[in-house]
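Working notes for the structure below.
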Amino acid sequence: APRPVVFSGMQPSSDSLHLGNYLGALVNWVSLQDTVDPIYCVVDLHAITVSQDPAALRESTRRTAAQYLAAGIDLERSTLFVQSHVPAHSELAWVLGTITGFGEASRMTQFKDKSARYGAESTNVGLFTYPVLMAADILLYQADLVPVGDDQRQHLELTRDLAARFNSRFGETFTIPEGYIPKESARIYDLQDPTSKMSKSAASDAGLIRLLDDPKIITKRIKSAVTDAEREIRFDREAKPGVSNLLDVFAATTGRTISELESAYAGKGYGDLKGDLAEAVVERVAPIRERTFELLDDPAELDRLLARGADKAAERAEATLATVYDRIGF
Ligand code: ADP
Ligand code: NA
């Protein structure tokens with residue numbers, strides 16, 4: 001049987017992915033390559049719905065793609081590309097916009113939240129039609145499965161409605177995608193505030209580990225992580241969130257289980273745990289960092305890889321778009 005098609009988009013992130021993105025999402029995307037037909041798209045068309053600096057967007061798009069490649073996204077098994085390189089996304093979005101009700105689009109809570117936050121001045125029509133573009137992203141590849149968090153659930157519902165509506169009006173064209181919650185993956189917390197998840201939008205960088213950070217900074221941040229006044233190394237999310245987070249990071253980084261780690265560190269101090277963890281994290285991310293910088297230092301090679309990804313994506317996307325154009329009378 002053919003492998004299920006999984007579509008996943010990621011925003012070009014400012015400079016570096018953090019350990020939460022890596023252990024919580026990217027590691028999963030790498031392992032999915034063994035069982036599904038993955039389409040991974042750096043969604044730069046979506047990124048311009050908020051005001052952007054052109055040079056910064058260009059740079060972050062490349063850096064994001066480079067980190068995915070460096071972390072193990074393999075162009076033989078995955079389709080990895082930049083959204084604006086495949087014009088069919090914009091073209092299908094236009095068509096889908098013509099079967100989307102204005103009232104239906106107006107009910108999207110993410111638009112309501114964002115437009116309230118940005119104010120009328122910064123709210124553009126692109127932000128309003130963002131979910132229609134997202135529907136195009138997914139439907140172009142006849143995706144079976146789309147990993148979704150809570151914030152994207154309503155957009156996926158719209159995608160399903162648009163696919164079904166198009167199919168009933170113009171004939172079977174689109175696969176109706178299912179949402180799925182990615183199977184239990186690590187959730188990483190801020191090293192300084194271990195009850196909040198590690199996030200690029202954290203107030204301070206002190207609790208953040210970025211894939212592209214210098215190993216010395218990684219080591220320093222892990223050694224300065226918040227713990228507690230006890231000395232015992234044991235997992236207890238409620239009473240010992242800092243230590244529990246360090247154990248979680250250790251387990252996700254090395255594949256050792258929490259109980260193995262608890263036994264290995266029985267009678268040892270937080271300093272021992274942090275020193276060993278820093279070494280393990282540095283060992284895990286250093287090759288990704290080096291490979292990312294190699295790719296960024298050779299723009300021609302990175303462009304070649306991304307062009308190859310875009311060609312692969314475009315072939316599939318254009319086949320769907322040709323059917324759509326035919327069905328609607330073009
Ligand atoms: P951020 O929260 O830093 O803005 P994004 O929202 O861009 O990160 O998330 C990109 C991906 O990384 C998503 O799949 C998200 O679930 C995952 N992710 C982000 N932060 C964490 C975290 N702290 N732990 C686990 N996964 C995370
Ligand atoms: Na976020």
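Residues are referred to by chain and number: the chain letter is A, B, ... according to the order shown in the structure tokens, the number counts from 1 in that chain, and ligands are numbered separately from 1 in the order shown.
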
| field | Near-ligand residues for ligand 1, threshold 9 Å, only C-alpha atoms and all ligand atoms, as a PyMOL selection string | value | chain A and resi 10-13+17-26+147-149+182+185-190+196-202

Could you dump the residues just selected with C-alpha atoms as a short mmCIF file (atom, residue, chain, number, x, y, z; two decimals), in the first residue's frame?
data_model
loop_
_atom_site.label_atom_id
_atom_site.label_comp_id
_atom_site.auth_asym_id
_atom_site.auth_seq_id
_atom_site.Cartn_x
_atom_site.Cartn_y
_atom_site.Cartn_z
CA MET A 10 6.90 25.43 9.40
CA GLN A 11 7.33 29.17 9.68
CA PRO A 12 10.79 30.46 8.82
CA SER A 13 11.98 31.01 12.39
CA LEU A 17 15.51 26.46 16.18
CA HIS A 18 15.58 25.71 19.91
CA LEU A 19 15.85 22.41 21.72
CA GLY A 20 12.04 22.26 22.17
CA ASN A 21 11.51 22.51 18.39
CA TYR A 22 14.18 19.88 17.84
CA LEU A 23 13.25 17.28 20.50
CA GLY A 24 9.52 18.04 20.37
CA ALA A 25 8.97 18.17 16.61
CA LEU A 26 11.94 17.80 14.29
CA PRO A 147 -0.23 17.02 12.41
CA VAL A 148 -2.18 19.75 14.19
CA GLY A 149 -1.99 21.49 17.51
CA PRO A 182 1.70 13.56 16.87
CA SER A 185 6.98 13.48 22.03
CA ALA A 186 9.18 15.37 24.44
CA ARG A 187 7.87 18.63 25.82
CA ILE A 188 10.78 20.81 26.86
CA TYR A 189 10.51 23.61 29.41
CA ASP A 190 12.46 26.82 29.88
CA SER A 196 6.72 27.47 30.89
CA LYS A 197 7.59 25.68 27.68
CA MET A 198 10.84 26.58 26.01
CA SER A 199 9.88 29.14 23.35
CA LYS A 200 11.50 31.58 20.97
CA SER A 201 9.12 34.19 22.35
CA ALA A 202 10.41 33.78 25.95
#

Within 12 Å of segment 121-124 of chain A using only C-alpha atoms, minus same-chain residues under 5 positions, as a short mmCIF file (atom, residue, chain, number, x, y, z; two decimals) with N, CA, C and O atoms, in the first residue's frame:
data_model
loop_
_atom_site.label_atom_id
_atom_site.label_comp_id
_atom_site.auth_asym_id
_atom_site.auth_seq_id
_atom_site.Cartn_x
_atom_site.Cartn_y
_atom_site.Cartn_z
N ILE A 48 4.65 36.43 5.41
CA ILE A 48 4.50 37.85 5.07
C ILE A 48 3.14 38.42 5.45
O ILE A 48 2.85 39.59 5.18
N THR A 49 2.30 37.63 6.13
CA THR A 49 1.03 38.19 6.62
C THR A 49 1.28 39.09 7.83
O THR A 49 0.38 39.80 8.25
N VAL A 50 2.47 38.98 8.42
CA VAL A 50 2.89 40.01 9.40
C VAL A 50 4.07 40.75 8.77
O VAL A 50 4.78 40.18 7.94
N SER A 51 4.27 42.00 9.13
CA SER A 51 5.26 42.79 8.41
C SER A 51 6.65 42.18 8.61
O SER A 51 6.99 41.73 9.69
N GLN A 52 7.40 42.15 7.53
CA GLN A 52 8.69 41.47 7.57
C GLN A 52 9.78 42.35 7.00
O GLN A 52 9.51 43.24 6.19
N PHE A 111 -7.76 34.47 13.34
CA PHE A 111 -7.80 35.80 12.70
C PHE A 111 -8.36 36.83 13.66
O PHE A 111 -7.83 37.94 13.78
N LYS A 112 -9.43 36.47 14.35
CA LYS A 112 -10.04 37.42 15.29
C LYS A 112 -9.03 37.82 16.36
O LYS A 112 -8.89 39.00 16.67
N ASP A 113 -8.31 36.82 16.90
CA ASP A 113 -7.31 37.11 17.94
C ASP A 113 -6.20 37.99 17.40
O ASP A 113 -5.82 38.98 18.01
N LYS A 114 -5.65 37.58 16.23
CA LYS A 114 -4.50 38.31 15.71
C LYS A 114 -4.88 39.72 15.30
O LYS A 114 -4.15 40.66 15.56
N SER A 115 -6.03 39.88 14.65
CA SER A 115 -6.39 41.21 14.18
C SER A 115 -6.68 42.12 15.37
O SER A 115 -6.37 43.31 15.35
N ALA A 116 -7.23 41.54 16.45
CA ALA A 116 -7.46 42.34 17.66
C ALA A 116 -6.12 42.78 18.24
O ALA A 116 -5.94 43.91 18.67
N THR A 129 -7.08 35.72 4.76
CA THR A 129 -7.19 34.54 3.88
C THR A 129 -6.12 33.48 4.17
O THR A 129 -6.06 32.46 3.48
N TYR A 130 -5.31 33.71 5.17
CA TYR A 130 -4.28 32.74 5.60
C TYR A 130 -4.81 31.30 5.65
O TYR A 130 -4.17 30.38 5.10
#

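Nearest residue to ligand 2 among A:Ser78, A:Asp151, A:Glu290, A:Glu315 is A:Asp151, counting only C-alpha atoms and all ligand atoms.
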
| message | Show me, as a list in words, the residues that have an atom within 10 Å of Val43 of chain A when counting only C-alpha atoms, minus same-chain residues fewer than 4 positions from it. | response | Ser8, Gly9, Met10, Gln11, Pro12, Ala47, Ile48, Thr61, Phe81, Val82, Gln83, Ser84, Met134 and Asp137 of chain A

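Counting only C-alpha atoms, Phe235 of chain A has the following residues at most 9 Å away, ignoring those fewer than 3 positions along the same chain: A:Ala239, A:Lys240, A:Pro241, A:Val243, A:Ser244, A:Asn245, A:Leu247, A:Asp248, A:Ile258, A:Ser259, A:Glu262.
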
Just to be explicit: take each residue in the selection above, keep all heavy atoms, and write the result as a short mmCIF file (atom, residue, chain, number, x, y, z; two decimals), in the first residue's frame.
data_model
loop_
_atom_site.label_atom_id
_atom_site.label_comp_id
_atom_site.auth_asym_id
_atom_site.auth_seq_id
_atom_site.Cartn_x
_atom_site.Cartn_y
_atom_site.Cartn_z
N ALA A 239 6.79 18.92 42.20
CA ALA A 239 7.66 19.42 43.27
C ALA A 239 9.04 19.84 42.75
O ALA A 239 9.69 20.67 43.37
CB ALA A 239 7.79 18.36 44.36
N LYS A 240 9.47 19.22 41.65
CA LYS A 240 10.84 19.49 41.16
C LYS A 240 10.83 19.73 39.65
O LYS A 240 11.41 18.96 38.88
CB LYS A 240 11.74 18.28 41.50
CG LYS A 240 11.85 18.00 43.01
CD LYS A 240 12.50 16.65 43.29
CE LYS A 240 13.99 16.65 43.07
NZ LYS A 240 14.75 17.45 44.04
N PRO A 241 10.16 20.81 39.21
CA PRO A 241 10.03 21.01 37.76
C PRO A 241 11.37 21.20 37.05
O PRO A 241 11.54 20.74 35.92
CB PRO A 241 9.15 22.26 37.64
CG PRO A 241 9.26 22.95 38.96
CD PRO A 241 9.49 21.88 39.98
N VAL A 243 14.52 20.05 37.88
CA VAL A 243 15.25 18.77 37.78
C VAL A 243 14.53 17.82 36.83
O VAL A 243 15.16 17.13 36.01
CB VAL A 243 15.42 18.15 39.19
CG1 VAL A 243 16.00 16.74 39.09
CG2 VAL A 243 16.29 19.04 40.06
N SER A 244 13.19 17.80 36.90
CA SER A 244 12.43 16.91 36.01
C SER A 244 12.65 17.29 34.55
O SER A 244 12.78 16.42 33.68
CB SER A 244 10.94 16.97 36.35
OG SER A 244 10.75 16.60 37.69
N ASN A 245 12.70 18.59 34.28
CA ASN A 245 12.96 19.04 32.90
C ASN A 245 14.34 18.60 32.45
O ASN A 245 14.51 18.11 31.31
CB ASN A 245 12.81 20.56 32.82
CG ASN A 245 12.90 21.10 31.41
OD1 ASN A 245 12.37 20.51 30.47
ND2 ASN A 245 13.60 22.22 31.24
N LEU A 247 15.97 16.02 33.47
CA LEU A 247 15.90 14.57 33.21
C LEU A 247 15.20 14.28 31.89
O LEU A 247 15.63 13.41 31.12
CB LEU A 247 15.19 13.86 34.37
CG LEU A 247 15.99 13.76 35.68
CD1 LEU A 247 15.09 13.30 36.84
CD2 LEU A 247 17.18 12.80 35.54
N ASP A 248 14.14 15.02 31.61
CA ASP A 248 13.43 14.86 30.32
C ASP A 248 14.35 15.16 29.14
O ASP A 248 14.36 14.44 28.14
CB ASP A 248 12.25 15.83 30.24
CG ASP A 248 10.94 15.18 30.68
OD1 ASP A 248 10.86 13.93 30.65
OD2 ASP A 248 10.02 15.93 31.03
N ILE A 258 14.05 7.65 32.06
CA ILE A 258 14.11 8.46 33.28
C ILE A 258 14.56 7.59 34.45
O ILE A 258 15.41 8.00 35.25
CB ILE A 258 12.72 9.08 33.58
CG1 ILE A 258 12.27 10.01 32.45
CG2 ILE A 258 12.72 9.78 34.94
CD1 ILE A 258 12.95 11.35 32.38
N SER A 259 14.04 6.35 34.55
CA SER A 259 14.41 5.56 35.73
C SER A 259 15.87 5.10 35.66
O SER A 259 16.55 5.05 36.68
CB SER A 259 13.45 4.39 35.95
OG SER A 259 13.40 3.59 34.82
N GLU A 262 17.64 8.13 36.92
CA GLU A 262 17.50 8.29 38.37
C GLU A 262 18.46 7.34 39.10
O GLU A 262 19.10 7.74 40.08
CB GLU A 262 16.06 8.01 38.81
CG GLU A 262 15.10 9.17 38.50
CD GLU A 262 13.65 8.84 38.83
OE1 GLU A 262 13.28 7.63 38.78
OE2 GLU A 262 12.88 9.76 39.13
#

| Which of these, A:Ala203, A:Val6, A:Leu140, A:Ala88, has the shortest distance to Tyr180 of chain A once you count only C-alpha atoms? |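 Under the stated criterion, the closest residue is A:Val6.
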
| said: Using DSSP secondary structure from the backbone, list all alpha helix (DSSP H) positions within segment 165-268 of chain A, as a ChimeraX atom specification. | reply: /A:165-170,215-223,241-254,258-264

For those residues, write N, CA and C atoms to a file as a compact mmCIF listing (two decimals), in the first residue's frame.
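Contents of the output file out_30.txt:
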# COMPACT_ATOMS: atom_id res chain seq x y z
N ARG A 165 -16.53 20.41 -0.31
CA ARG A 165 -17.37 21.29 -1.13
C ARG A 165 -16.91 21.27 -2.59
N PHE A 166 -15.61 21.38 -2.79
CA PHE A 166 -15.10 21.35 -4.17
C PHE A 166 -15.45 20.01 -4.82
N ASN A 167 -15.22 18.92 -4.07
CA ASN A 167 -15.50 17.58 -4.62
C ASN A 167 -16.97 17.45 -5.00
N SER A 168 -17.87 17.97 -4.18
CA SER A 168 -19.29 17.75 -4.48
C SER A 168 -19.73 18.68 -5.61
N ARG A 169 -19.13 19.85 -5.71
CA ARG A 169 -19.53 20.76 -6.80
C ARG A 169 -18.93 20.39 -8.15
N PHE A 170 -17.66 19.94 -8.12
CA PHE A 170 -16.94 19.79 -9.40
C PHE A 170 -16.47 18.36 -9.68
N PRO A 215 28.74 25.84 21.69
CA PRO A 215 28.73 24.83 22.77
C PRO A 215 29.01 25.44 24.15
N LYS A 216 29.82 26.47 24.21
CA LYS A 216 30.11 27.10 25.52
C LYS A 216 28.85 27.74 26.10
N ILE A 217 28.04 28.32 25.25
CA ILE A 217 26.80 28.94 25.73
C ILE A 217 25.82 27.86 26.19
N ILE A 218 25.74 26.78 25.42
CA ILE A 218 24.85 25.68 25.80
C ILE A 218 25.24 25.15 27.18
N THR A 219 26.54 24.92 27.34
CA THR A 219 27.04 24.39 28.61
C THR A 219 26.73 25.35 29.76
N LYS A 220 26.98 26.62 29.52
CA LYS A 220 26.73 27.62 30.57
C LYS A 220 25.24 27.67 30.93
N ARG A 221 24.37 27.62 29.94
CA ARG A 221 22.93 27.71 30.23
C ARG A 221 22.44 26.48 30.98
N ILE A 222 22.96 25.30 30.62
CA ILE A 222 22.53 24.09 31.34
C ILE A 222 23.06 24.13 32.77
N LYS A 223 24.30 24.57 32.91
CA LYS A 223 24.86 24.62 34.27
C LYS A 223 24.17 25.66 35.15
N PRO A 241 10.16 20.81 39.21
CA PRO A 241 10.03 21.01 37.76
C PRO A 241 11.37 21.20 37.05
N GLY A 242 12.31 21.87 37.69
CA GLY A 242 13.61 22.13 37.05
C GLY A 242 14.37 20.84 36.83
N VAL A 243 14.52 20.05 37.88
CA VAL A 243 15.25 18.77 37.78
C VAL A 243 14.53 17.82 36.83
N SER A 244 13.19 17.80 36.90
CA SER A 244 12.43 16.91 36.01
C SER A 244 12.65 17.29 34.55
N ASN A 245 12.70 18.59 34.28
CA ASN A 245 12.96 19.04 32.90
C ASN A 245 14.34 18.60 32.45
N LEU A 246 15.34 18.72 33.34
CA LEU A 246 16.70 18.30 32.96
C LEU A 246 16.70 16.79 32.66
N LEU A 247 15.97 16.02 33.47
CA LEU A 247 15.90 14.57 33.21
C LEU A 247 15.20 14.28 31.89
N ASP A 248 14.14 15.02 31.61
CA ASP A 248 13.43 14.86 30.32
C ASP A 248 14.35 15.16 29.14
N VAL A 249 15.08 16.26 29.24
CA VAL A 249 16.00 16.64 28.16
C VAL A 249 17.06 15.55 28.00
N PHE A 250 17.58 15.07 29.14
CA PHE A 250 18.61 14.02 29.12
C PHE A 250 18.06 12.76 28.42
N ALA A 251 16.86 12.36 28.82
CA ALA A 251 16.26 11.15 28.24
C ALA A 251 16.03 11.33 26.74
N ALA A 252 15.46 12.49 26.35
CA ALA A 252 15.16 12.70 24.93
C ALA A 252 16.44 12.81 24.11
N THR A 253 17.49 13.33 24.72
CA THR A 253 18.75 13.53 23.98
C THR A 253 19.51 12.23 23.79
N THR A 254 19.44 11.35 24.79
CA THR A 254 20.30 10.16 24.78
C THR A 254 19.55 8.86 24.53
N ILE A 258 14.05 7.65 32.06
CA ILE A 258 14.11 8.46 33.28
C ILE A 258 14.56 7.59 34.45
N SER A 259 14.04 6.35 34.55
CA SER A 259 14.41 5.56 35.73
C SER A 259 15.87 5.10 35.66
N GLU A 260 16.37 4.82 34.45
CA GLU A 260 17.81 4.56 34.31
C GLU A 260 18.62 5.74 34.84
N LEU A 261 18.18 6.94 34.45
CA LEU A 261 18.93 8.14 34.84
C LEU A 261 18.84 8.35 36.35
N GLU A 262 17.64 8.13 36.92
CA GLU A 262 17.50 8.29 38.37
C GLU A 262 18.46 7.34 39.10
N SER A 263 18.57 6.10 38.63
CA SER A 263 19.50 5.17 39.31
C SER A 263 20.94 5.60 39.09
N ALA A 264 21.26 5.99 37.85
CA ALA A 264 22.65 6.36 37.55
C ALA A 264 23.11 7.55 38.40

| Skipping near chain neighbours, those fewer than 5 positions away, what residues fall within 12 Å of Arg304 of chain A using only C-alpha atoms, listed as a ChimeraX atom specification? | /A:66,75,81,295,298-299,309-311

Prev. selection, N, CA and C atoms, output as an mmCIF file, in the first residue's frame:
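And here is the file that came out, out.cif:
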data_model
loop_
_atom_site.group_PDB
_atom_site.id
_atom_site.type_symbol
_atom_site.label_atom_id
_atom_site.label_comp_id
_atom_site.auth_asym_id
_atom_site.auth_seq_id
_atom_site.Cartn_x
_atom_site.Cartn_y
_atom_site.Cartn_z
ATOM 1 N N ALA A 66 18.014 24.945 6.170
ATOM 2 C CA ALA A 66 19.333 24.343 6.417
ATOM 3 C C ALA A 66 19.310 23.497 7.699
ATOM 4 N N LEU A 75 16.319 14.310 1.444
ATOM 5 C CA LEU A 75 15.563 14.646 0.231
ATOM 6 C C LEU A 75 15.173 13.441 -0.607
ATOM 7 N N PHE A 81 10.815 21.846 0.859
ATOM 8 C CA PHE A 81 10.917 22.963 -0.080
ATOM 9 C C PHE A 81 10.384 24.239 0.545
ATOM 10 N N LEU A 295 26.138 24.212 5.203
ATOM 11 C CA LEU A 295 25.133 24.475 4.170
ATOM 12 C C LEU A 295 24.998 25.971 3.915
ATOM 13 N N ASP A 298 27.693 27.534 1.828
ATOM 14 C CA ASP A 298 27.741 27.138 0.421
ATOM 15 C C ASP A 298 26.357 27.395 -0.187
ATOM 16 N N PRO A 299 26.047 28.672 -0.414
ATOM 17 C CA PRO A 299 24.695 29.025 -0.863
ATOM 18 C C PRO A 299 24.303 28.310 -2.159
ATOM 19 N N GLY A 309 14.078 20.130 -4.110
ATOM 20 C CA GLY A 309 12.862 19.944 -3.301
ATOM 21 C C GLY A 309 11.667 20.599 -3.985
ATOM 22 N N ALA A 310 11.872 21.816 -4.490
ATOM 23 C CA ALA A 310 10.771 22.541 -5.127
ATOM 24 C C ALA A 310 10.313 21.835 -6.407
ATOM 25 N N ASP A 311 11.262 21.269 -7.155
ATOM 26 C CA ASP A 311 10.886 20.534 -8.377
ATOM 27 C C ASP A 311 10.002 19.336 -8.041
#

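For the set A:Asp150, A:Phe7, A:Glu318, A:Leu306, the residue with the smallest atom-to-atom gap to ligand 2 is A:Asp150, counting only C-alpha atoms and all ligand atoms.
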
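Restricting the calculation to only C-alpha atoms, the smallest distance between Phe102 of chain A and any of A:Arg77, A:Val27, A:Ala300, A:Phe128 is found for A:Phe128.
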
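Among the candidates A:Gln152, A:Val132, A:Ser224, A:Glu76, the residue lying nearest to ligand 2 is A:Gln152 (atoms considered: only C-alpha atoms and all ligand atoms).
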